[in-house]
Each structure stands twice: as structure tokens, then as C-alpha cells.
$ cat my_file-v3.csv   # CSV, C-alpha atoms and all ligand atoms
chain,number,residue,atom,x,y,z
A,1,MET,CA,5.8,108.5,-155.6
A,2,LEU,CA,9.3,107.3,-154.9
A,3,ILE,CA,11.1,106.6,-151.7
A,4,LYS,CA,14.1,109.0,-151.2
A,5,SER,CA,15.5,107.6,-148.0
A,6,ILE,CA,14.9,105.4,-145.0
A,7,SER,CA,16.4,105.7,-141.5
A,8,LEU,CA,16.2,103.3,-138.6
A,9,ILE,CA,17.1,103.6,-134.9
A,10,ASN,CA,17.0,100.6,-132.5
A,11,PHE,CA,15.2,98.6,-135.1
A,12,ARG,CA,16.1,94.8,-134.9
A,13,ASN,CA,19.9,94.6,-135.0
A,14,HIS,CA,20.3,98.2,-136.2
A,15,ASN,CA,21.4,100.9,-133.8
A,16,SER,CA,21.3,103.6,-136.4
A,17,TYR,CA,21.0,103.0,-140.2
A,18,HIS,CA,20.4,105.3,-143.1
A,19,LEU,CA,19.8,104.4,-146.8
A,20,GLU,CA,19.4,106.7,-149.7
A,21,CYS,CA,17.2,105.0,-152.4
A,22,LYS,CA,17.7,105.4,-156.1
A,23,PRO,CA,14.6,106.2,-158.3
A,24,ASP,CA,15.2,102.9,-160.2
A,25,THR,CA,17.0,100.1,-158.4
A,26,THR,CA,18.6,100.0,-154.9
A,27,LEU,CA,20.6,97.0,-153.9
A,28,ILE,CA,21.0,96.2,-150.1
A,29,LEU,CA,23.9,93.9,-150.0
A,30,GLY,CA,25.2,92.0,-147.0
A,31,GLU,CA,25.9,88.7,-145.3
A,32,ASN,CA,23.3,86.7,-143.5
A,33,GLY,CA,21.9,88.3,-140.4
A,34,CYS,CA,23.3,91.8,-141.1
A,35,GLY,CA,19.8,93.3,-141.2
A,36,LYS,CA,18.7,93.4,-144.8
A,37,THR,CA,15.2,92.1,-144.5
A,38,SER,CA,14.8,94.4,-141.5
A,39,VAL,CA,15.3,97.4,-143.8
A,40,LEU,CA,12.5,96.2,-146.1
A,41,GLU,CA,10.4,95.5,-142.9
A,42,ALA,CA,10.8,99.2,-141.9
A,43,ILE,CA,9.8,100.4,-145.3
A,44,TYR,CA,6.8,98.1,-145.2
A,45,ILE,CA,5.7,99.5,-141.8
A,46,LEU,CA,6.0,103.1,-143.0
A,47,THR,CA,4.1,102.4,-146.3
A,48,ARG,CA,1.5,99.8,-145.2
A,49,GLY,CA,1.1,100.4,-141.5
A,50,LYS,CA,2.4,97.1,-140.0
A,51,SER,CA,5.2,94.5,-140.3
A,52,PHE,CA,4.8,91.6,-142.7
A,53,ARG,CA,6.5,89.3,-140.2
A,54,ALA,CA,6.3,90.3,-136.5
A,55,THR,CA,5.0,92.4,-133.7
A,56,ASP,CA,6.7,95.7,-132.6
A,57,GLN,CA,7.8,94.0,-129.5
A,58,ASP,CA,9.8,91.5,-131.6
A,59,ILE,CA,11.2,94.3,-133.7
A,60,LEU,CA,12.4,96.5,-130.9
A,61,LYS,CA,16.1,96.1,-130.5
A,62,ARG,CA,16.9,94.0,-127.5
A,63,GLY,CA,17.8,96.2,-124.6
A,64,SER,CA,16.3,99.3,-126.1
A,65,ASP,CA,13.2,101.2,-124.9
A,66,PHE,CA,12.1,102.7,-128.2
A,67,TYR,CA,12.6,102.4,-131.9
A,68,ARG,CA,12.2,105.1,-134.5
A,69,ILE,CA,11.9,104.7,-138.3
A,70,GLU,CA,11.6,107.5,-140.8
A,71,LEU,CA,10.8,107.4,-144.5
A,72,GLU,CA,11.2,110.3,-146.9
A,73,TYR,CA,9.4,110.4,-150.2
A,74,ASP,CA,10.8,112.2,-153.2
A,75,ASN,CA,8.3,115.1,-152.8
A,76,GLY,CA,9.7,115.8,-149.3
A,77,GLU,CA,6.9,114.2,-147.4
A,78,LYS,CA,8.1,112.3,-144.3
A,79,ILE,CA,6.4,109.5,-142.4
A,80,ILE,CA,7.9,108.7,-139.0
A,81,ALA,CA,6.9,105.7,-136.7
A,82,THR,CA,8.0,105.5,-133.1
A,83,TYR,CA,7.4,102.7,-130.7
A,84,ASP,CA,8.0,103.1,-127.0
A,85,GLY,CA,7.7,99.4,-125.9
A,86,ASP,CA,3.9,99.8,-125.5
A,87,LYS,CA,2.5,102.0,-128.3
A,88,LYS,CA,3.4,102.8,-131.9
A,89,THR,CA,2.7,106.3,-133.2
A,90,PHE,CA,2.8,107.4,-136.8
A,91,LYS,CA,3.6,111.0,-137.5
A,92,THR,CA,2.6,112.1,-141.0
A,93,PRO,CA,2.4,115.6,-142.5
A,94,ASP,CA,-1.2,116.0,-141.4
A,95,LYS,CA,-1.4,114.3,-138.0
A,96,LYS,CA,-0.1,112.0,-135.3
A,97,SER,CA,-2.0,108.7,-135.0
A,98,THR,CA,-1.6,105.1,-133.8
A,99,ARG,CA,-2.6,103.9,-137.3
A,100,LEU,CA,-1.3,104.8,-140.7
A,101,SER,CA,-4.3,106.3,-142.5
A,102,THR,CA,-5.3,105.1,-145.9
A,103,LYS,CA,-4.3,108.5,-147.3
A,104,ASN,CA,-0.7,108.0,-146.0
A,105,LYS,CA,-0.3,104.4,-147.3
A,106,TYR,CA,1.5,103.6,-150.4
A,107,PRO,CA,1.2,100.4,-152.4
A,108,ILE,CA,4.0,97.8,-152.2
A,109,ILE,CA,4.6,94.6,-154.0
A,110,LEU,CA,6.5,92.5,-151.5
A,111,PHE,CA,8.3,89.4,-152.7
A,112,LEU,CA,9.7,87.1,-150.0
A,113,PRO,CA,11.5,83.8,-150.5
A,114,SER,CA,8.7,82.1,-148.6
A,115,ASP,CA,6.2,83.2,-151.3
A,116,LEU,CA,7.8,80.6,-153.5
A,117,ASN,CA,6.1,78.0,-151.4
A,118,LEU,CA,2.7,79.6,-151.6
A,119,THR,CA,1.2,76.9,-153.8
A,120,SER,CA,1.8,74.2,-151.2
A,121,GLY,CA,1.2,73.9,-147.4
A,122,PRO,CA,-2.0,74.5,-145.5
A,123,PRO,CA,-4.9,76.6,-146.9
A,124,SER,CA,-4.3,79.2,-144.1
A,125,ARG,CA,-1.0,80.1,-145.8
A,126,ARG,CA,-2.8,81.2,-149.0
A,127,ARG,CA,-5.8,82.7,-147.2
A,128,ASP,CA,-3.4,84.9,-145.2
A,129,TYR,CA,-1.5,85.8,-148.3
A,130,PHE,CA,-4.6,86.8,-150.3
A,131,ASP,CA,-6.1,88.6,-147.3
A,132,ARG,CA,-3.1,90.8,-147.3
A,133,ILE,CA,-3.2,91.3,-151.0
A,134,PHE,CA,-6.9,92.1,-151.1
A,135,SER,CA,-6.4,94.5,-148.2
A,136,ASP,CA,-3.9,96.3,-150.5
A,137,PHE,CA,-6.4,96.4,-153.3
A,138,ASN,CA,-9.1,97.9,-151.2
A,139,ASN,CA,-8.9,99.3,-147.7
A,140,ASP,CA,-12.5,98.3,-147.1
A,141,TYR,CA,-11.5,94.7,-147.4
A,142,ALA,CA,-9.0,95.1,-144.5
A,143,SER,CA,-11.7,96.7,-142.4
A,144,VAL,CA,-14.3,94.0,-143.1
A,145,LEU,CA,-11.8,91.3,-142.4
A,146,ASN,CA,-10.8,92.9,-139.1
A,147,LYS,CA,-14.4,93.2,-138.0
A,148,TYR,CA,-15.1,89.6,-139.0
A,149,ASN,CA,-12.1,88.3,-137.1
A,150,LYS,CA,-13.0,90.2,-134.0
A,151,ALA,CA,-16.6,88.8,-134.1
A,152,LEU,CA,-15.1,85.3,-134.6
A,153,ARG,CA,-12.8,85.6,-131.6
A,154,GLN,CA,-15.7,86.7,-129.4
A,155,ARG,CA,-17.9,83.9,-130.6
A,156,ASN,CA,-15.0,81.4,-130.0
A,157,GLU,CA,-14.5,82.8,-126.5
A,158,LEU,CA,-18.2,82.2,-125.7
A,159,LEU,CA,-18.1,78.7,-127.2
A,160,LYS,CA,-15.3,77.8,-124.8
A,161,SER,CA,-17.3,78.8,-121.7
A,162,ASP,CA,-18.8,76.0,-119.6
A,163,ASN,CA,-22.2,77.5,-118.9
A,164,LEU,CA,-23.0,78.9,-122.4
A,165,ASP,CA,-26.3,80.5,-123.0
A,166,ARG,CA,-27.0,79.7,-126.7
A,167,SER,CA,-28.8,83.0,-127.3
A,168,ALA,CA,-25.6,84.9,-126.3
A,169,LEU,CA,-24.1,83.7,-129.6
A,170,PHE,CA,-26.8,85.3,-131.7
A,171,PRO,CA,-25.4,88.9,-131.9
A,172,TRP,CA,-22.0,87.4,-133.0
A,173,ASP,CA,-23.7,85.1,-135.5
A,174,LEU,CA,-25.4,88.2,-137.0
A,175,LEU,CA,-22.1,90.0,-137.3
A,176,LEU,CA,-20.3,87.0,-138.8
A,177,ALA,CA,-23.1,86.5,-141.4
A,178,ASP,CA,-22.9,90.2,-142.3
A,179,TYR,CA,-19.2,90.6,-142.6
A,180,GLY,CA,-18.7,87.0,-143.8
A,181,SER,CA,-20.9,87.5,-146.8
A,182,GLU,CA,-19.1,90.8,-147.6
A,183,LEU,CA,-15.7,89.1,-147.4
A,184,ILE,CA,-16.8,86.2,-149.6
A,185,LYS,CA,-18.2,88.7,-152.2
A,186,TYR,CA,-14.8,90.5,-152.3
A,187,ARG,CA,-12.8,87.3,-152.5
A,188,THR,CA,-15.0,86.0,-155.3
A,189,ASP,CA,-14.5,89.2,-157.3
A,190,TYR,CA,-10.8,89.6,-156.7
A,191,ILE,CA,-10.0,85.9,-157.4
A,192,SER,CA,-11.9,86.3,-160.7
A,193,GLU,CA,-10.0,89.5,-161.5
A,194,ILE,CA,-6.7,87.8,-160.9
A,195,ASN,CA,-7.8,84.8,-163.1
A,196,GLN,CA,-8.5,87.2,-166.0
A,197,THR,CA,-4.8,87.7,-166.6
A,198,LEU,CA,-2.9,85.1,-164.5
A,199,ASN,CA,-2.7,82.4,-167.3
A,200,GLN,CA,-1.7,84.8,-170.0
A,201,THR,CA,0.9,86.4,-167.7
A,202,TYR,CA,2.2,82.9,-166.9
A,203,HIS,CA,2.7,82.3,-170.6
A,204,SER,CA,4.8,85.5,-170.9
A,205,ILE,CA,7.2,83.8,-168.5
A,206,ALA,CA,6.9,80.1,-169.5
A,207,GLU,CA,6.2,79.6,-173.1
A,208,ASN,CA,4.1,76.5,-173.2
A,209,ASN,CA,0.5,75.3,-173.1
A,210,ASP,CA,0.1,74.7,-169.4
A,211,ARG,CA,-2.9,76.2,-167.8
A,212,ILE,CA,-2.9,78.0,-164.4
A,213,ASN,CA,-5.7,79.5,-162.5
A,214,LEU,CA,-6.8,80.1,-158.9
A,215,SER,CA,-9.7,78.2,-157.5
A,216,TYR,CA,-11.8,79.7,-154.7
A,217,ILE,CA,-13.8,77.3,-152.6
A,218,THR,CA,-16.0,78.9,-150.1
A,219,THR,CA,-18.1,77.3,-147.4
A,220,ILE,CA,-21.1,79.3,-148.8
A,221,PRO,CA,-21.2,79.1,-152.5
A,222,LYS,CA,-24.2,81.3,-152.8
A,223,ILE,CA,-23.6,84.4,-150.9
A,224,ASN,CA,-26.5,84.6,-148.6
A,225,LYS,CA,-26.7,85.9,-145.0
A,226,ASP,CA,-29.7,83.7,-144.1
A,227,ILE,CA,-27.8,80.6,-145.2
A,228,PHE,CA,-24.8,81.8,-143.2
A,229,LEU,CA,-26.9,82.2,-140.1
A,230,LYS,CA,-28.6,78.8,-140.6
A,231,LYS,CA,-25.3,77.0,-141.0
A,232,LEU,CA,-23.9,78.6,-137.8
A,233,ASP,CA,-27.0,77.4,-136.0
A,234,GLN,CA,-26.8,73.9,-137.5
A,235,ASN,CA,-23.2,73.6,-136.4
A,236,TYR,CA,-23.8,74.8,-132.8
A,237,GLU,CA,-23.4,71.4,-131.1
A,238,LYS,CA,-20.2,70.6,-132.9
A,239,ASP,CA,-18.8,74.1,-132.3
A,240,HIS,CA,-19.6,74.0,-128.6
A,241,ILE,CA,-17.9,70.6,-128.1
A,242,LEU,CA,-14.8,71.8,-130.1
A,243,GLY,CA,-14.8,75.3,-128.6
A,244,TYR,CA,-14.5,77.1,-131.9
A,245,THR,CA,-16.5,78.1,-135.0
A,246,THR,CA,-16.2,75.4,-137.7
A,247,PHE,CA,-18.2,77.2,-140.4
A,248,GLY,CA,-17.4,80.5,-142.1
A,249,ALA,CA,-15.1,82.6,-144.2
A,250,GLN,CA,-12.1,81.5,-142.0
A,251,ARG,CA,-12.4,78.1,-143.7
A,252,ASP,CA,-12.3,79.3,-147.3
A,253,THR,CA,-9.6,77.9,-149.5
A,254,MET,CA,-7.8,79.4,-152.4
A,255,ASP,CA,-5.8,77.0,-154.5
A,256,PHE,CA,-3.5,77.3,-157.5
A,257,ILE,CA,-4.7,74.9,-160.2
A,258,PHE,CA,-2.1,73.8,-162.7
A,259,ASN,CA,-3.5,71.8,-165.7
A,260,GLN,CA,-6.7,71.0,-163.8
A,261,LYS,CA,-4.8,69.7,-160.8
A,262,PRO,CA,-3.7,71.4,-157.5
A,263,ALA,CA,-0.3,73.0,-158.4
A,264,ALA,CA,1.0,71.7,-155.1
A,265,ASN,CA,0.9,68.1,-156.5
A,266,SER,CA,1.6,68.8,-160.2
A,267,ALA,CA,3.8,71.8,-160.9
A,268,SER,CA,7.6,71.5,-160.8
A,269,ARG,CA,9.8,73.8,-158.7
A,270,GLY,CA,10.6,75.9,-161.8
A,271,GLU,CA,6.9,76.0,-162.8
A,272,THR,CA,5.9,77.0,-159.3
A,273,ARG,CA,8.4,79.9,-159.5
A,274,SER,CA,6.9,81.1,-162.8
A,275,ILE,CA,3.4,80.9,-161.3
A,276,ILE,CA,4.4,83.1,-158.3
A,277,LEU,CA,6.2,85.5,-160.6
A,278,ALA,CA,3.1,85.8,-162.7
A,279,LEU,CA,1.0,86.4,-159.6
A,280,LYS,CA,3.3,89.3,-158.6
A,281,PHE,CA,3.0,90.8,-162.0
A,282,VAL,CA,-0.8,90.5,-162.0
A,283,GLU,CA,-0.9,92.0,-158.5
A,284,ALA,CA,1.1,95.0,-159.6
A,285,ASN,CA,-1.2,95.6,-162.6
A,286,ILE,CA,-4.4,95.3,-160.5
A,287,ILE,CA,-3.0,97.8,-158.0
A,288,ILE,CA,-2.1,100.3,-160.8
A,289,ASP,CA,-5.6,99.8,-162.2
A,290,LYS,CA,-7.4,100.2,-158.9
A,291,LEU,CA,-5.3,102.8,-157.1
A,292,GLY,CA,-3.7,104.7,-160.0
A,293,LYS,CA,-0.4,104.4,-158.2
A,294,LYS,CA,2.7,102.6,-159.3
A,295,PRO,CA,3.7,100.1,-156.5
A,296,ILE,CA,7.2,100.1,-155.1
A,297,ILE,CA,8.7,96.6,-155.4
A,298,LEU,CA,10.5,95.0,-152.5
A,299,LEU,CA,12.5,91.9,-153.4
A,300,ASP,CA,13.8,90.1,-150.4
A,301,ASP,CA,16.6,87.7,-151.4
A,302,VAL,CA,14.6,86.2,-154.3
A,303,PHE,CA,17.2,86.6,-157.0
A,304,SER,CA,19.2,83.7,-155.6
A,305,GLU,CA,16.1,81.5,-156.0
A,306,LEU,CA,15.6,82.2,-159.6
A,307,ASP,CA,17.4,81.1,-162.8
A,308,ASP,CA,18.6,83.6,-165.5
A,309,THR,CA,15.4,83.5,-167.6
A,310,ARG,CA,13.1,84.2,-164.6
A,311,ARG,CA,15.5,86.9,-163.3
A,312,ARG,CA,15.3,88.6,-166.7
A,313,CYS,CA,11.5,88.4,-166.6
A,314,LEU,CA,11.4,90.0,-163.1
A,315,VAL,CA,13.8,92.8,-164.2
A,316,ASP,CA,11.9,93.5,-167.4
A,317,ASN,CA,8.5,93.5,-165.8
A,318,PHE,CA,9.4,95.9,-163.0
A,319,LYS,CA,11.7,98.1,-165.0
A,320,ASN,CA,9.4,101.1,-164.7
A,321,HIS,CA,9.1,100.8,-160.9
A,322,GLN,CA,11.2,101.7,-158.0
A,323,VAL,CA,12.8,98.4,-156.9
A,324,ILE,CA,14.6,97.7,-153.6
A,325,ILE,CA,16.5,94.4,-153.5
A,326,THR,CA,18.3,92.6,-150.8
A,327,SER,CA,20.9,90.0,-151.5
A,328,VAL,CA,23.8,88.1,-150.0
A,329,GLU,CA,25.7,88.2,-153.3
A,330,ASP,CA,26.1,91.0,-155.8
A,331,VAL,CA,23.4,90.8,-158.5
A,332,GLU,CA,23.0,92.5,-161.8
A,333,TYR,CA,19.7,94.2,-162.2
B,1,LIG,N1,14.6,92.6,-131.6
B,1,LIG,C1,15.9,92.3,-132.0
B,1,LIG,N2,16.9,92.9,-131.4
B,1,LIG,C2,18.2,92.6,-131.9
B,1,LIG,N3,18.5,91.9,-132.9
B,1,LIG,C3,17.5,91.3,-133.6
B,1,LIG,C4,16.1,91.5,-133.2
B,1,LIG,N4,15.3,90.8,-134.0
B,1,LIG,C5,16.1,90.2,-134.9
B,1,LIG,N5,17.4,90.5,-134.6
B,1,LIG,C6,18.6,90.0,-135.4
B,1,LIG,O1,18.8,91.0,-136.4
B,1,LIG,C7,19.5,90.4,-137.5
B,1,LIG,C8,18.9,90.9,-138.8
B,1,LIG,O2,17.8,90.2,-139.2
B,1,LIG,P1,17.4,90.2,-140.7
B,1,LIG,O3,16.3,89.2,-140.9
B,1,LIG,O4,17.1,91.6,-141.1
B,1,LIG,O5,18.7,89.8,-141.5
B,1,LIG,P2,19.1,89.5,-143.0
B,1,LIG,O6,20.3,90.4,-143.3
B,1,LIG,O7,17.9,89.7,-143.8
B,1,LIG,O8,19.6,88.0,-143.0
B,1,LIG,P3,19.4,86.9,-144.1
B,1,LIG,O9,20.4,87.1,-145.1
B,1,LIG,O10,19.7,85.6,-143.3
B,1,LIG,O11,18.0,86.9,-144.5
B,1,LIG,C9,19.5,88.9,-137.2
B,1,LIG,O12,20.8,88.5,-136.8
B,1,LIG,C10,18.5,88.7,-136.1
B,1,LIG,O13,18.8,87.7,-135.3
B,2,MG,MG,16.7,88.3,-144.9

$ encode --input "my_file-v3.csv" --output "C-alpha cells" --more "lines below"
Ligand SMILES: Nc1ncnc2c1ncn2[C@@H]1O[C@H](COP(=O)(O)OP(=O)(O)OP(=O)(O)O)[C@@H](O)[C@H]1O
Ligand SMILES: [Mg+2]
Amino acid sequence: MLIKSISLINFRNHNSYHLECKPDTTLILGENGCGKTSVLEAIYILTRGKSFRATDQDILKRGSDFYRIELEYDNGEKIIATYDGDKKTFKTPDKKSTRLSTKNKYPIILFLPSDLNLTSGPPSRRRDYFDRIFSDFNNDYASVLNKYNKALRQRNELLKSDNLDRSALFPWDLLLADYGSELIKYRTDYISEINQTLNQTYHSIAENNDRINLSYITTIPKINKDIFLKKLDQNYEKDHILGYTTFGAQRDTMDFIFNQKPAANSASRGETRSIILALKFVEANIIIDKLGKKPIILLDDVFSELDDTRRRCLVDNFKNHQVIITSVEDVEY
């Protein structure tokens, strides 16, 4: 499916905005702060269910008491989201709901300038990134992750209480072991799936002999619920003193390895850009394979960060997709 148009009311700095999208490439051009990324954000909410950068309260135009965004697909289907300062509602052809159902979601490949720093920084940055991507691969992943995080929050709440009864933790430990093992299984499979084509895709951008792969280090190498439970129990004293759970899937790390070393310390800026481009191409192919749908590509201001060769690569790779680009300067696509 293709996006035909998008309209915003009281969304960030926009009072009222309408954009007709082309089936191939649409360029949103404008100076800094004019509201370009906000348009991509609205598209993302209406295709994926929530913003990639903020809460509805942050998004609601200052001084307004509601926002309304509407997306029309080329088959005439409309998705409308309204937020009244308290609750967001999605109106789709079949129903009204506070969540966008899987059926009404559409795959997106989002490319933000901050993605170009993905190889470096704290592990949480990559964990959050891959959690989002894996949720796009499979809705089940999002649901397991959600349940895991809820159980983790409850357990951490209990750990902070002064007169903690140790046995009160057990139901949460069971849930963490259950959902945690499932998460780790998914992560192992998906990282391995990405690795199957990441290196070869990288070489289609950078013609050399460098090797790139993702490494996944989990706290529980052998996925086993009993070991998970035992480890939670063993860490009890430490967790109680610190007031949070120190063991589990929330501590997993995913790192880019460039020529056998962490890319953060070994890949140059240009090489890092090629790695991230390759990752986006691999993501798109996996989504096509898994969902049988061609993702829509949202490129937020990334052209200015790329040289001619990498721009060409990006254009060539996504030439059969609908692409929506924001930029401060005119770009040739
Ligand atoms: N809730 C809000 N109400 C009103 N204005 C807001 C709100 N949230 C953000 N803004 C403003 O909206 C404007 C648009 O932000 P956006 O990130 O979409 O701009 P942009 O065109 O992508 O800018 P840049 O080129 O710098 O990336 C900014 O000036 C921002 O300060
Ligand atoms: Mg922007």
C-alpha cells in the first residue's frame, strides 16, 4: 500500500497542515524548526501506533486541547488519530480503539540522523533500537517485551520497599523467567537472521574486505527458565540493596563488530554510515520476507549526512518503495 495524503491539526507547531504524497518520492523541504520531522512523526503514529520520539502530551500543540491526524492510503482507507489531552483514539475502517491494531499497522523503515550514532553510546541505545525493529518484524515480540517490562517494573517497585517479603517477588520472578526466555529466543533468532545478509549488504555499499556482524550477548546464554529463576534468586541481596533487578533480558547487549572489534572503536565515520545503511537495507528485506509488504521509507534529514556514493546507494536500494524525505536543502532523489 501507498500513502496518498497526511493531514495534521494542532500537531507540534502545525495548526493545520496537509500533504499529498507521491507514489515514489515526496520531499518535505523547509528550514530548521518548521515542522518537517513532525510530519514523519504523524505518519509513524498512524502506521505504527505511537511516536518514535515523544509522548502525546509533548506532541499536542502548546495551548491546544486536542490534536487530530489523518492518513489516507491509496486504496481509500483512512486512519485517524485524535488526542484530547488525556486519551488517544484511533479510528480505522473497522473500529475505534485506543490502540492501533496489528491489522491496521503498516511497516515503515525509519531513518533518523541519530541512527548514524547507533554503533556507539550505551548498550541501551542499541537494545531500544532493536526492540523497536523486532517489534516491527513480529507483533508477538512487542507483546512479550511489554509484559516483560511490566513485570520488571513491578519487581523493581517491590525491591525498593523497606519491609520486603522475599516471597512476594516470586510471582514476578516467574513472569520474568517466562517472558525473558521468550525475548532472548526471539533476539537470538533475529540477530542471526540479520547477520545472514548484513556483511554481504555492507559490501554492496563499501567495496572492500572489511567484515561486519552483530554480536548478541545475553545474560543467559542457554535459554532456560530454571537458570533464569535461579539467577534472580542468587542476585536477591544485591537487587534489594540497589532497589532494582540486576539480572535479565534488560541487560542484554547487541554490538556491531567491525573486523572482530567493536565498531564503536574501530569503524570510521564513513564506514559507520555504510554499516547503518546496510542495516536499513537488511531490515527492509526481512520485513518484505516476513510480512509480504513493502515498507514505506521515511528519511529524516539523512541526505545531508551522506556523501554522493552513499546517497546513490540509498536511492538505488529504495527505488521501488514509497519514500518520504525531509531536508533543509533541495536534494535530488
Ligand atoms: N507541543 C508543541 N507545540 C508547539 N510547538 C512545538 C511543540 N513541540 C515542538 N514544537 C516546535 O515545533 C517545531 C517543529 O519541530 P520539528 O522537529 O518537526 O522541526 P524540523 O522542521 O524537523 O526541524 P529541523 O530541521 O531542525 O530538524 C520546532 O520549532 C519545535 O520547537
Ligand atoms: Mg527535523

$ closest_atom_pairs --input "my_file-v3.csv" --of "stretch 250-305 of chain A" --to "stretch 211-226 of chain A" --cutoff "6 Å" --atoms "only C-alpha atoms" --output "CSV"
residue,atom,partner,partner_atom,distance
A:Asp252,CA,A:Thr218,CA,4.7
A:Thr253,CA,A:Ile217,CA,5.3
A:Met254,CA,A:Tyr216,CA,4.6
A:Asp255,CA,A:Ser215,CA,5.1
A:Phe256,CA,A:Leu214,CA,4.5
A:Ile257,CA,A:Asn213,CA,5.2
A:Phe258,CA,A:Ile212,CA,4.6
A:Asn259,CA,A:Arg211,CA,4.9

$ closest_residue --input "my_file-v3.csv" --among "A:Pro23, A:Arg127, A:Arg62, A:Ile9" --to "A:Lys319" --atoms "all atoms listed in the file"
A:Pro23

$ residues_near_ligand --input "my_file-v3.csv" --ligand "ligand LIG 1 (chain B)" --cutoff "7 Å" --atoms "all atoms listed in the file" --output "list of chain:residue names"
A:Phe11, A:Arg12, A:Asn13, A:Gly30, A:Glu31, A:Asn32, A:Gly33, A:Cys34, A:Gly35, A:Lys36, A:Thr37, A:Ser38, A:Val39, A:Asp58, A:Ile59, A:Leu60, A:Lys61, A:Arg62, A:Val328

$ residues_around --input "my_file-v3.csv" --residues "A:Ser7" --least-positions-apart "4" --cutoff "10 Å" --atoms "all atoms listed in the file" --output "list in words"
Phe11, His14, Ser16, Tyr17, His18, Leu19, Glu20, Val39, Ala42, Ile43, Arg68, Ile69, Glu70, Leu71, Glu72 and Ile80 of chain A

$ residues_near_point --input "my_file-v3.csv" --point "(13.7, 106.4, -160.1)" --cutoff "7 Å" --atoms "all atoms listed in the file" --output "VMD selection string"
chain A and resid 2 22 to 24 322

$ residues_near_point --input "my_file-v3.csv" --point "(-1.3, 78.6, -169.7)" --cutoff "12 Å" --atoms "all atoms listed in the file" --output "list of chain:residue names"
A:Asn195, A:Gln196, A:Thr197, A:Leu198, A:Asn199, A:Gln200, A:Thr201, A:Tyr202, A:His203, A:Ser204, A:Ile205, A:Ala206, A:Glu207, A:Asn208, A:Asn209, A:Asp210, A:Arg211, A:Ile212, A:Asn213, A:Ile257, A:Phe258, A:Asn259, A:Gln260, A:Glu271, A:Ser274, A:Ile275, A:Ala278
